[in-house]
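Structure below is entry.pdb: PDB, C-alpha atoms.
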```
ATOM      1  CA  MET S   1     137.209 123.900 129.308
ATOM      2  CA  LYS S   2     136.904 121.717 126.253
ATOM      3  CA  ILE S   3     137.589 123.053 122.773
ATOM      4  CA  LEU S   4     137.519 121.430 119.337
ATOM      5  CA  ILE S   5     140.219 122.273 116.796
ATOM      6  CA  SER S   6     139.502 121.389 113.181
ATOM      7  CA  ILE S   7     141.514 121.906 109.991
ATOM      8  CA  ASP S   8     141.149 121.185 106.293
ATOM      9  CA  ASP S   9     142.830 121.662 102.897
ATOM     10  CA  THR S  10     146.420 121.654 104.130
ATOM     11  CA  ASP S  11     147.968 119.267 101.635
ATOM     12  CA  ASN S  12     148.825 118.515  98.026
ATOM     13  CA  ILE S  13     149.357 115.103  96.454
ATOM     14  CA  GLU S  14     153.027 114.930  97.441
ATOM     15  CA  SER S  15     152.872 116.427 100.929
ATOM     16  CA  ARG S  16     151.981 114.893 104.271
ATOM     17  CA  GLY S  17     148.294 114.642 104.992
ATOM     18  CA  THR S  18     146.035 116.947 106.967
ATOM     19  CA  GLY S  19     145.833 114.356 109.744
ATOM     20  CA  GLU S  20     149.560 114.604 110.381
ATOM     21  CA  ILE S  21     149.332 118.372 110.671
ATOM     22  CA  ALA S  22     146.439 118.010 113.118
ATOM     23  CA  GLU S  23     148.655 115.752 115.231
ATOM     24  CA  LEU S  24     151.451 118.335 115.024
ATOM     25  CA  LEU S  25     149.113 121.032 116.343
ATOM     26  CA  ALA S  26     148.001 118.767 119.196
ATOM     27  CA  GLU S  27     151.605 117.948 120.012
ATOM     28  CA  GLY S  28     152.466 121.658 120.097
ATOM     29  CA  ILE S  29     149.645 122.385 122.535
ATOM     30  CA  VAL S  30     150.777 119.618 124.860
ATOM     31  CA  THR S  31     154.490 120.432 124.558
ATOM     32  CA  ASN S  32     153.851 124.076 125.411
ATOM     33  CA  GLY S  33     151.918 123.016 128.506
ATOM     34  CA  TRP S  34     148.736 124.696 127.284
ATOM     35  CA  GLY S  35     146.462 121.704 127.694
ATOM     36  CA  LYS S  36     145.727 118.061 126.982
ATOM     37  CA  CYS S  37     144.596 116.838 123.579
ATOM     38  CA  GLY S  38     142.437 113.910 122.521
ATOM     39  CA  PRO S  39     142.736 111.758 119.403
ATOM     40  CA  VAL S  40     142.229 113.096 115.889
ATOM     41  CA  THR S  41     139.160 112.081 113.912
ATOM     42  CA  ARG S  42     138.750 112.135 110.148
ATOM     43  CA  HIS S  43     135.455 113.320 108.685
ATOM     44  CA  GLN S  44     134.483 112.562 105.097
ATOM     45  CA  LEU S  45     132.848 115.428 103.213
ATOM     46  CA  LEU S  46     131.120 115.568  99.833
ATOM     47  CA  ILE S  47     132.944 114.367  96.735
ATOM     48  CA  HIS S  48     131.731 116.670  93.970
ATOM     49  CA  PRO S  49     133.206 118.220  90.793
ATOM     50  CA  ASP S  50     132.583 121.736  92.126
ATOM     51  CA  ILE S  51     134.631 121.141  95.265
ATOM     52  CA  PRO S  52     138.402 121.723  94.934
ATOM     53  CA  TYR S  53     139.658 118.892  97.184
ATOM     54  CA  THR S  54     143.067 117.260  96.839
ATOM     55  CA  SER S  55     142.214 113.563  96.795
ATOM     56  CA  HIS S  56     139.505 112.611  99.288
ATOM     57  CA  ASN S  57     137.937 115.763 100.787
ATOM     58  CA  SER S  58     138.119 114.973 104.449
ATOM     59  CA  SER S  59     138.727 117.251 107.423
ATOM     60  CA  MET S  60     140.480 116.486 110.697
ATOM     61  CA  CYS S  61     139.445 117.445 114.209
ATOM     62  CA  PHE S  62     140.676 116.896 117.758
ATOM     63  CA  PRO S  63     139.537 117.984 121.203
ATOM     64  CA  ALA S  64     141.693 119.799 123.736
ATOM     65  CA  GLU S  65     141.165 120.456 127.428
ATOM     66  CA  ILE S  66     142.522 123.903 128.272
ATOM     67  CA  THR S  67     142.107 126.764 130.709
ATOM     68  CA  VAL S  68     140.029 129.690 129.462
ATOM     69  CA  ASP S  69     142.966 132.104 129.514
ATOM     70  CA  MET S  70     144.861 130.007 126.943
ATOM     71  CA  LEU S  71     142.173 130.111 124.236
ATOM     72  CA  ASN S  72     143.584 133.069 122.303
ATOM     73  CA  THR S  73     147.154 131.814 122.603
ATOM     74  CA  ILE S  74     146.180 128.402 121.259
ATOM     75  CA  THR S  75     144.093 129.874 118.443
ATOM     76  CA  GLU S  76     146.977 132.103 117.347
ATOM     77  CA  TYR S  77     149.425 129.225 117.620
ATOM     78  CA  CYS S  78     147.253 126.926 115.507
ATOM     79  CA  GLY S  79     146.831 129.589 112.830
ATOM     80  CA  SER S  80     150.572 130.280 112.629
ATOM     81  CA  ALA S  81     151.508 126.610 112.695
ATOM     82  CA  LEU S  82     148.915 125.789 110.055
ATOM     83  CA  ALA S  83     150.296 128.477 107.733
ATOM     84  CA  ALA S  84     153.845 127.261 108.301
ATOM     85  CA  GLU S  85     153.187 123.524 107.990
ATOM     86  CA  SER S  86     150.656 123.398 105.136
ATOM     87  CA  ALA S  87     151.743 122.632 101.574
ATOM     88  CA  PRO S  88     152.602 125.784  99.558
ATOM     89  CA  ASP S  89     149.717 125.473  97.108
ATOM     90  CA  SER S  90     147.093 124.404  99.638
ATOM     91  CA  ASP S  91     144.129 126.396 100.971
ATOM     92  CA  PRO S  92     144.136 125.747 104.718
ATOM     93  CA  GLY S  93     141.316 126.632 107.054
ATOM     94  CA  LEU S  94     141.114 126.553 110.851
ATOM     95  CA  CYS S  95     138.143 126.313 113.180
ATOM     96  CA  VAL S  96     138.384 126.604 116.968
ATOM     97  CA  LEU S  97     135.127 125.805 118.678
ATOM     98  CA  VAL S  98     134.140 126.163 122.339
ATOM     99  CA  PRO S  99     131.179 123.785 122.716
ATOM    100  CA  GLU S 100     129.984 125.233 126.038
ATOM    101  CA  ARG S 101     129.571 128.653 124.423
ATOM    102  CA  LEU S 102     127.278 127.411 121.671
ATOM    103  CA  GLN S 103     123.643 128.350 122.146
ATOM    104  CA  HIS S 104     122.470 126.182 119.246
ATOM    105  CA  PRO S 105     124.922 123.312 118.793
ATOM    106  CA  GLU S 106     122.456 121.470 116.575
ATOM    107  CA  ALA S 107     122.801 124.235 113.959
ATOM    108  CA  LEU S 108     126.525 123.598 113.662
ATOM    109  CA  ILE S 109     126.027 119.831 113.619
ATOM    110  CA  ASN S 110     123.485 120.275 110.822
ATOM    111  CA  TYR S 111     125.998 122.400 108.913
ATOM    112  CA  GLY S 112     128.499 119.545 109.247
ATOM    113  CA  TYR S 113     126.087 117.017 107.812
ATOM    114  CA  ARG S 114     125.100 119.382 104.993
ATOM    115  CA  THR S 115     128.719 119.463 103.812
ATOM    116  CA  LYS S 116     128.349 115.739 103.140
ATOM    117  CA  THR S 117     125.529 116.261 100.675
ATOM    118  CA  THR S 118     125.743 119.856  99.450
ATOM    119  CA  VAL S 119     128.318 122.182  97.923
ATOM    120  CA  ILE S 120     128.844 124.897 100.565
ATOM    121  CA  THR S 121     130.544 128.208  99.823
ATOM    122  CA  LYS S 122     133.198 129.945 101.873
ATOM    123  CA  GLU S 123     130.766 132.774 102.450
ATOM    124  CA  GLU S 124     128.223 130.443 104.003
ATOM    125  CA  ALA S 125     130.894 128.925 106.215
ATOM    126  CA  TYR S 126     131.952 132.355 107.484
ATOM    127  CA  GLU S 127     128.341 133.420 108.005
ATOM    128  CA  THR S 128     127.591 130.254 109.974
ATOM    129  CA  ALA S 129     130.689 130.666 112.127
ATOM    130  CA  ALA S 130     129.931 134.327 112.816
ATOM    131  CA  ALA S 131     126.317 133.588 113.713
ATOM    132  CA  HIS S 132     127.452 131.126 116.375
ATOM    133  CA  GLY S 133     130.530 132.972 117.668
ATOM    134  CA  ILE S 134     132.969 130.396 116.344
ATOM    135  CA  HIS S 135     136.557 131.152 115.348
ATOM    136  CA  LEU S 136     137.067 130.409 111.638
ATOM    137  CA  SER S 137     140.120 131.591 109.733
ATOM    138  CA  GLU S 138     142.048 130.943 106.536
ATOM    139  CA  HIS S 139     145.826 130.629 106.347
ATOM    140  CA  GLY S 140     146.888 130.541 102.723
ATOM    141  CA  GLY S 141     145.786 130.054  99.133
ATOM    142  CA  THR S 142     142.098 130.545  98.486
ATOM    143  CA  GLY S 143     141.238 129.752 102.104
ATOM    144  CA  GLN S 144     138.643 127.293 100.849
ATOM    145  CA  GLY S 145     139.564 125.001 103.726
ATOM    146  CA  VAL S 146     137.351 127.017 106.080
ATOM    147  CA  VAL S 147     134.323 125.151 104.686
ATOM    148  CA  GLY S 148     135.653 121.766 105.750
ATOM    149  CA  ALA S 149     137.277 123.033 108.953
ATOM    150  CA  LEU S 150     133.931 124.241 110.259
ATOM    151  CA  ALA S 151     132.282 121.016 109.106
ATOM    152  CA  GLY S 152     134.847 118.875 110.905
ATOM    153  CA  ALA S 153     134.164 120.713 114.173
ATOM    154  CA  GLY S 154     130.417 120.311 113.719
ATOM    155  CA  LEU S 155     130.658 116.610 112.920
ATOM    156  CA  ARG S 156     132.975 115.911 115.845
ATOM    157  CA  LEU S 157     130.645 117.880 118.092
ATOM    158  CA  GLY S 158     127.766 115.673 116.967
ATOM    159  CA  GLY S 159     129.741 112.629 118.107
ATOM    160  CA  ASN S 160     128.409 110.347 115.391
ATOM    161  CA  ASP S 161     130.705 110.721 112.416
ATOM    162  CA  GLY S 162     134.173 109.837 111.261
ATOM    163  CA  ARG S 163     136.929 107.462 112.163
ATOM    164  CA  PHE S 164     139.958 107.857 114.389
ATOM    165  CA  LYS S 165     143.281 108.619 112.794
ATOM    166  CA  GLY S 166     146.155 106.217 113.357
ATOM    167  CA  LYS S 167     146.591 102.626 114.404
ATOM    168  CA  PHE S 168     145.026 101.300 117.588
ATOM    169  CA  ARG S 169     147.120  98.316 118.637
ATOM    170  CA  ILE S 170     145.361  95.857 120.912
ATOM    171  CA  PRO S 171     147.480  93.523 123.072
ATOM    172  CA  SER S 172     146.491  90.092 121.783
ATOM    173  CA  ARG S 173     147.278  86.398 121.611
ATOM    174  CA  ASP S 174     147.512  85.145 118.038
ATOM    175  CA  LYS S 175     145.909  88.457 117.009
ATOM    176  CA  MET S 176     142.831  87.716 119.114
ATOM    177  CA  ALA S 177     141.587  89.546 122.189
ATOM    178  CA  THR S 178     138.485  89.550 124.342
ATOM    179  CA  VAL S 179     136.138  92.501 124.345
ATOM    180  CA  LYS S 180     137.253  93.197 127.921
ATOM    181  CA  GLU S 181     140.882  93.410 126.786
ATOM    182  CA  ILE S 182     139.956  95.568 123.801
ATOM    183  CA  CYS S 183     138.124  97.979 126.085
ATOM    184  CA  MET S 184     141.265  98.377 128.196
ATOM    185  CA  SER S 185     143.128  99.599 125.088
ATOM    186  CA  GLY S 186     141.373 102.862 124.320
ATOM    187  CA  ILE S 187     138.164 101.450 122.840
ATOM    188  CA  ASP S 188     134.862 102.247 124.608
ATOM    189  CA  VAL S 189     132.516  99.766 122.938
ATOM    190  CA  VAL S 190     132.696  96.813 120.556
ATOM    191  CA  HIS S 191     129.652  96.260 118.411
ATOM    192  CA  THR S 192     128.517  95.144 114.993
ATOM    193  CA  VAL S 193     127.735  97.521 112.124
ATOM    194  CA  GLU S 194     124.076  96.864 112.929
ATOM    195  CA  GLY S 195     124.579  97.855 116.580
ATOM    196  CA  GLN S 196     124.697  94.509 118.392
ATOM    197  CA  VAL S 197     126.960  95.029 121.414
ATOM    198  CA  LEU S 198     129.361  92.176 122.182
ATOM    199  CA  CYS S 199     129.796  90.665 125.657
ATOM    200  CA  GLU S 200     133.057  91.275 127.512
ATOM    201  CA  ASN S 201     134.171  87.664 127.213
ATOM    202  CA  ASP S 202     133.582  87.459 123.458
ATOM    203  CA  SER S 203     136.742  86.908 121.459
ATOM    204  CA  VAL S 204     137.577  89.121 118.477
ATOM    205  CA  TYR S 205     140.208  88.743 115.773
ATOM    206  CA  VAL S 206     141.934  92.153 115.888
ATOM    207  CA  GLY S 207     144.948  91.552 113.619
ATOM    208  CA  GLU S 208     147.970  93.865 113.881
ATOM    209  CA  TRP S 209     145.888  96.946 114.593
ATOM    210  CA  VAL S 210     142.349  98.256 114.356
ATOM    211  CA  LYS S 211     140.722 101.524 113.460
ATOM    212  CA  PRO S 212     137.753 102.630 115.565
ATOM    213  CA  VAL S 213     134.971 104.994 114.553
ATOM    214  CA  LEU S 214     133.198 107.772 116.455
ATOM    215  CA  MET S 215     129.632 106.808 117.374
ATOM    216  CA  ASP S 216     127.468 108.158 120.192
ATOM    217  CA  GLU S 217     130.516 110.172 121.296
ATOM    218  CA  LYS S 218     132.342 106.895 121.927
ATOM    219  CA  THR S 219     135.366 105.196 120.425
ATOM    220  CA  VAL S 220     133.741 102.188 118.783
ATOM    221  CA  LEU S 221     135.349  99.101 117.281
ATOM    222  CA  LEU S 222     133.069  97.719 114.582
ATOM    223  CA  VAL S 223     133.064  93.958 114.077
ATOM    224  CA  VAL S 224     131.495  91.412 111.775
ATOM    225  CA  PRO S 225     130.955  87.659 112.227
ATOM    226  CA  ASP S 226     134.174  85.805 111.453
ATOM    227  CA  ALA S 227     133.521  83.054 108.972
ATOM    228  CA  GLY S 228     137.226  82.291 108.560
ATOM    229  CA  ASN S 229     139.589  80.080 110.527
ATOM    230  CA  SER S 230     140.748  82.502 113.182
ATOM    231  CA  GLY S 231     139.029  80.530 115.941
ATOM    232  CA  SER S 232     137.022  83.568 116.891
ATOM    233  CA  LEU S 233     133.346  84.270 116.293
ATOM    234  CA  TRP S 234     134.065  87.913 115.478
ATOM    235  CA  LYS S 235     136.628  89.974 113.635
ATOM    236  CA  ALA S 236     137.315  93.695 113.303
ATOM    237  CA  CYS S 237     135.714  95.121 110.144
ATOM    238  CA  GLU S 238     137.759  95.199 106.964
ATOM    239  CA  ARG S 239     139.001  98.648 106.091
ATOM    240  CA  LYS S 240     136.790  99.018 103.041
ATOM    241  CA  VAL S 241     133.906  99.392 105.504
ATOM    242  CA  PHE S 242     135.445 102.667 106.681
ATOM    243  CA  LYS S 243     134.670 104.318 103.391
ATOM    244  CA  ASP S 244     131.218 104.815 104.872
ATOM    245  CA  TYR S 245     132.533 106.496 108.040
TER
ATOM    246  CA  MET C   1     139.199  97.009  80.870
ATOM    247  CA  ARG C   2     135.597  98.068  81.297
ATOM    248  CA  GLN C   3     136.336 100.111  84.441
ATOM    249  CA  ILE C   4     138.275 102.768  82.538
ATOM    250  CA  ILE C   5     135.970 105.250  80.893
ATOM    251  CA  GLU C   6     136.521 108.401  78.901
ATOM    252  CA  ASN C   7     135.252 111.633  80.330
ATOM    253  CA  SER C   8     135.270 114.951  78.461
ATOM    254  CA  ASP C   9     138.928 115.723  79.177
ATOM    255  CA  ASP C  10     140.298 112.766  81.103
ATOM    256  CA  LEU C  11     140.130 109.054  81.734
ATOM    257  CA  ARG C  12     138.726 107.751  84.966
ATOM    258  CA  PHE C  13     138.335 104.473  86.779
ATOM    259  CA  ARG C  14     134.734 103.686  87.567
ATOM    260  CA  GLY C  15     134.362 101.062  90.260
ATOM    261  CA  THR C  16     134.240 100.379  93.981
ATOM    262  CA  VAL C  17     136.157  98.440  96.611
ATOM    263  CA  GLU C  18     133.056  96.307  97.169
ATOM    264  CA  ASP C  19     133.153  94.829  93.651
ATOM    265  CA  MET C  20     135.607  91.955  93.119
ATOM    266  CA  GLU C  21     136.050  92.675  89.404
ATOM    267  CA  ASP C  22     136.839  96.309  90.160
ATOM    268  CA  LEU C  23     139.297  95.252  92.841
ATOM    269  CA  LEU C  24     141.115  92.946  90.433
ATOM    270  CA  ALA C  25     141.230  95.634  87.747
ATOM    271  CA  ALA C  26     142.707  98.179  90.180
ATOM    272  CA  GLU C  27     145.268  95.617  91.353
ATOM    273  CA  THR C  28     146.279  94.906  87.752
ATOM    274  CA  ILE C  29     146.806  98.595  87.003
ATOM    275  CA  ALA C  30     148.750  99.193  90.215
ATOM    276  CA  GLY C  31     150.841  96.063  89.652
ATOM    277  CA  ASP C  32     152.235  97.552  86.442
ATOM    278  CA  CYS C  33     152.453 101.123  87.682
ATOM    279  CA  SER C  34     155.838 102.806  87.941
ATOM    280  CA  VAL C  35     154.758 105.548  90.353
ATOM    281  CA  TYR C  36     152.463 103.598  92.674
ATOM    282  CA  SER C  37     152.792 104.801  96.256
ATOM    283  CA  ILE C  38     150.627 103.557  99.081
ATOM    284  CA  ASP C  39     148.649 106.217 100.914
ATOM    285  CA  ASP C  40     148.842 106.451 104.696
ATOM    286  CA  ASP C  41     146.912 103.913 106.728
ATOM    287  CA  ASP C  42     144.005 106.289 107.264
ATOM    288  CA  GLU C  43     143.272 106.133 103.543
ATOM    289  CA  ASP C  44     144.051 102.464 102.993
ATOM    290  CA  TYR C  45     140.876 100.573 102.083
ATOM    291  CA  CYS C  46     142.286  97.219 101.008
ATOM    292  CA  GLU C  47     144.457  95.976 103.906
ATOM    293  CA  GLY C  48     147.826  97.042 102.544
ATOM    294  CA  ALA C  49     147.280  95.632  99.040
ATOM    295  CA  ARG C  50     148.970  97.124  95.978
ATOM    296  CA  THR C  51     145.909  98.567  94.300
ATOM    297  CA  CYS C  52     144.914 101.945  92.939
ATOM    298  CA  PHE C  53     142.321 102.089  95.722
ATOM    299  CA  ASN C  54     145.197 102.436  98.209
ATOM    300  CA  CYS C  55     147.402 104.729  96.123
ATOM    301  CA  ARG C  56     148.112 108.272  97.288
ATOM    302  CA  TYR C  57     147.779 109.504  93.695
ATOM    303  CA  ARG C  58     144.153 108.460  93.228
ATOM    304  CA  ARG C  59     141.628 111.233  93.523
ATOM    305  CA  TRP C  60     138.270 109.928  94.627
ATOM    306  CA  LEU C  61     135.205 110.642  92.537
ATOM    307  CA  ALA C  62     131.618 109.838  93.418
ATOM    308  CA  ASP C  63     131.800 106.603  91.409
ATOM    309  CA  GLY C  64     135.504 105.820  91.238
ATOM    310  CA  PHE C  65     138.734 107.791  90.949
ATOM    311  CA  LEU C  66     141.123 109.720  88.743
ATOM    312  CA  CYS C  67     144.829 108.968  88.606
ATOM    313  CA  LEU C  68     146.622 112.221  89.422
ATOM    314  CA  LYS C  69     149.710 110.895  87.643
ATOM    315  CA  GLY C  70     147.798 110.213  84.434
ATOM    316  CA  LEU C  71     148.633 106.499  84.473
ATOM    317  CA  LEU C  72     145.139 105.409  83.465
ATOM    318  CA  GLU C  73     145.988 106.757  80.018
ATOM    319  CA  ASN C  74     148.799 104.203  79.736
ATOM    320  CA  THR C  75     146.477 101.415  80.790
ATOM    321  CA  HIS C  76     143.774 102.545  78.421
ATOM    322  CA  SER C  77     146.164 102.534  75.472
ATOM    323  CA  GLY C  78     146.993  98.921  76.225
ATOM    324  CA  SER C  79     150.391  98.974  77.911
ATOM    325  CA  ALA C  80     148.955  97.529  81.119
ATOM    326  CA  ASN C  81     146.110  95.571  79.632
TER
END
```

Encoded form (structure tokens):
Amino acid sequence: MKILISIDDTDNIESRGTGEIAELLAEGIVTNGWGKCGPVTRHQLLIHPDIPYTSHNSSMCFPAEITVDMLNTITEYCGSALAAESAPDSDPGLCVLVPERLQHPEALINYGYRTKTTVITKEEAYETAAAHGIHLSEHGGTGQGVVGALAGAGLRLGGNDGRFKGKFRIPSRDKMATVKEICMSGIDVVHTVEGQVLCENDSVYVGEWVKPVLMDEKTVLLVVPDAGNSGSLWKACERKVFKDY
Amino acid sequence: MRQIIENSDDLRFRGTVEDMEDLLAAETIAGDCSVYSIDDDDEDYCEGARTCFNCRYRRWLADGFLCLKGLLENTHSGSAN
């Protein structure tokens, strides 16, 4: 069965980021033979003076395909690893979600979107998790990270939020590749910010690497018209665009 | 530098990566900064440029950022223009 594992508030300004710890957890699951893990996504939450974030208030989530009997083992492992790997003065939270067990997934997705516009308390996060039978736990400090951990799971579940962690390198010639080639490199769809889907023979300037976003449950490479001299009609979006994802 | 504003108990940079003047100001500050350190690529908004917008020590605010190393104070007092 599929599960979503989401974490937040694991770092301080000098430590490694929450995304790296998410990748460590995924690696541990795979190495132990407990299941297969998908890529990590980053989900931006509200920037507000009343929220004690480190520097950008984002949570990280990844899916795993496991057998039912491994759920408790993986949950315990993630909690222990999160406590061990998080920065000493951080406030880590962990959410483990089983989508097929949710009776009202839209409620959790709505919670995720609310954390982008509203200051949510720990109490509300725990109440929401309990109401939907979702594992939510804290592993150090104030435990404030449970708010974002639950949000990350909800936003990933919704399939329309966030960007993928890491560098997606596309095999290219002179940093250009066709849409067909891009879609053989871990990208599902190539389209513009406005939603215009490119044809498979269209050429795109992809540079050294690209960063896709999660839209319609797909791994999407966003492009814009290329007005430069790359020789291509399209280019992957500049990174400043990702501030909105 | 008009981007640096005084808050009640700190100085903050008000500006965005979409504004060219703000980008230049953040590049000027970072260019003179002794503790600048680029954040990981997931938080890099200006294609690897040396700018406060890419620095791991900037703390995002709704309309800009704080410098967690307090370097905006140096800039504000004139050492980095």

Problem set entry | Pick from S:Tyr205, S:Tyr245, S:Trp34, S:Tyr113, whichever lies nearest to chain C using all atoms listed in the file | S:Tyr245

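Among C:Asp41, C:Ser34, C:Gly48, C:Gln3, the residue with the shortest atom-to-atom distance to C:Asp22, counting only C-alpha atoms, is C:Gln3.
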
For this session: For the point (132.0, 122.4, 122.4) in the file's frame, write as a ChimeraX atom specification all residues with an atom no more than 12 Å away, counting only C-alpha atoms.
Result: /S:1-6,62-65,95-106,108-109,132-134,153-159

Print the selection's residues with C-alpha atoms to a file, as a PDB file, keeping the file's coordinate frame.
```
ATOM      1  CA  MET S   1     137.209 123.900 129.308  1.00  0.00           C
ATOM      2  CA  LYS S   2     136.904 121.717 126.253  1.00  0.00           C
ATOM      3  CA  ILE S   3     137.589 123.053 122.773  1.00  0.00           C
ATOM      4  CA  LEU S   4     137.519 121.430 119.337  1.00  0.00           C
ATOM      5  CA  ILE S   5     140.219 122.273 116.796  1.00  0.00           C
ATOM      6  CA  SER S   6     139.502 121.389 113.181  1.00  0.00           C
ATOM      7  CA  PHE S  62     140.676 116.896 117.758  1.00  0.00           C
ATOM      8  CA  PRO S  63     139.537 117.984 121.203  1.00  0.00           C
ATOM      9  CA  ALA S  64     141.693 119.799 123.736  1.00  0.00           C
ATOM     10  CA  GLU S  65     141.165 120.456 127.428  1.00  0.00           C
ATOM     11  CA  CYS S  95     138.143 126.313 113.180  1.00  0.00           C
ATOM     12  CA  VAL S  96     138.384 126.604 116.968  1.00  0.00           C
ATOM     13  CA  LEU S  97     135.127 125.805 118.678  1.00  0.00           C
ATOM     14  CA  VAL S  98     134.140 126.163 122.339  1.00  0.00           C
ATOM     15  CA  PRO S  99     131.179 123.785 122.716  1.00  0.00           C
ATOM     16  CA  GLU S 100     129.984 125.233 126.038  1.00  0.00           C
ATOM     17  CA  ARG S 101     129.571 128.653 124.423  1.00  0.00           C
ATOM     18  CA  LEU S 102     127.278 127.411 121.671  1.00  0.00           C
ATOM     19  CA  GLN S 103     123.643 128.350 122.146  1.00  0.00           C
ATOM     20  CA  HIS S 104     122.470 126.182 119.246  1.00  0.00           C
ATOM     21  CA  PRO S 105     124.922 123.312 118.793  1.00  0.00           C
ATOM     22  CA  GLU S 106     122.456 121.470 116.575  1.00  0.00           C
ATOM     23  CA  LEU S 108     126.525 123.598 113.662  1.00  0.00           C
ATOM     24  CA  ILE S 109     126.027 119.831 113.619  1.00  0.00           C
ATOM     25  CA  HIS S 132     127.452 131.126 116.375  1.00  0.00           C
ATOM     26  CA  GLY S 133     130.530 132.972 117.668  1.00  0.00           C
ATOM     27  CA  ILE S 134     132.969 130.396 116.344  1.00  0.00           C
ATOM     28  CA  ALA S 153     134.164 120.713 114.173  1.00  0.00           C
ATOM     29  CA  GLY S 154     130.417 120.311 113.719  1.00  0.00           C
ATOM     30  CA  LEU S 155     130.658 116.610 112.920  1.00  0.00           C
ATOM     31  CA  ARG S 156     132.975 115.911 115.845  1.00  0.00           C
ATOM     32  CA  LEU S 157     130.645 117.880 118.092  1.00  0.00           C
ATOM     33  CA  GLY S 158     127.766 115.673 116.967  1.00  0.00           C
ATOM     34  CA  GLY S 159     129.741 112.629 118.107  1.00  0.00           C
TER      35      GLY S 159
END
```

Problem set entry | Picked residues, the PyMOL selection byres ((chain S and resi 219) around 12), expected as number ranges by chain | S: 38-41, 156, 159-165, 168, 182-191, 210-218, 220-222

Problem set entry | chain S contacts on chain C, only C-alpha atoms, 10 Å, as JSON, numbers by chain | {"C": [16, 17, 18, 39, 40, 41, 42, 43, 44, 45, 46, 47, 48, 53, 56, 57, 58, 59, 60, 61, 62, 63, 65, 66, 67, 68, 69]}

For this session: Take the point (146.7, 97.3, 92.5) in the file's coordinates, draw a sphere of radius 7 Å around it, and report as number ranges by chain every protein, DNA or RNA residue with an atom inside or on it, counting all atoms listed in the file.
Result: C: 26-31, 49-52

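The coordinates place atom CA of S:Ser59 at 26.0 Å from atom CA of S:Glu208.
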
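Residue selection for this entry, given the PyMOL selection byres ((chain S and resi 18) around 10), comprises Ile7, Asp8, Asp9, Thr10, Asp11, Asn12, Ser15, Arg16, Gly17, Gly19, Glu20, Ile21, Ala22, Glu23, Leu24, Arg42, Ser58, Ser59, Met60, Cys61, Leu82, Glu85, Ser86, Ala87 and Pro92 of chain S.
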
Exercise. The PyMOL selection byres ((chain S and resi 225) around 9) on the file shown: which residues, as a PyMOL selection string?
Worked result: chain S and resi 192+223-224+226-227+232-236

Please determine an axis-aligned box that encloses all atoms of stretch 68-71 of chain C listed in the file, with 6 Å added on each side, and express its centre and edge lengths in Å to one decimal as AutoDock Vina command-line options.
```
--center_x 148.2 --center_y 109.4 --center_z 86.9 --size_x 15.1 --size_y 17.7 --size_z 17.0
```

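Note that atom CA of S:Glu124 and atom CA of S:Val68 are 28.1 Å apart.
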
Exercise. For the atom pair atom CA of S:Tyr111 and atom CA of S:Leu150, what is the interatomic distance in Å to one decimal place?
Worked result: 8.3 Å

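Neighbours of S:Thr121 closer than or equal to 12 Å, with all atoms listed in the file counted and sequence neighbours fewer than 3 positions away skipped, come out as Asp50, Ile51, Pro52, Tyr111, Arg114, Thr115, Thr118, Glu124, Ala125, Tyr126, Glu127, Thr128, Thr142, Gly143, Gln144, Gly145, Val146, Val147, Gly148, Leu150 and Ala151 of chain S.
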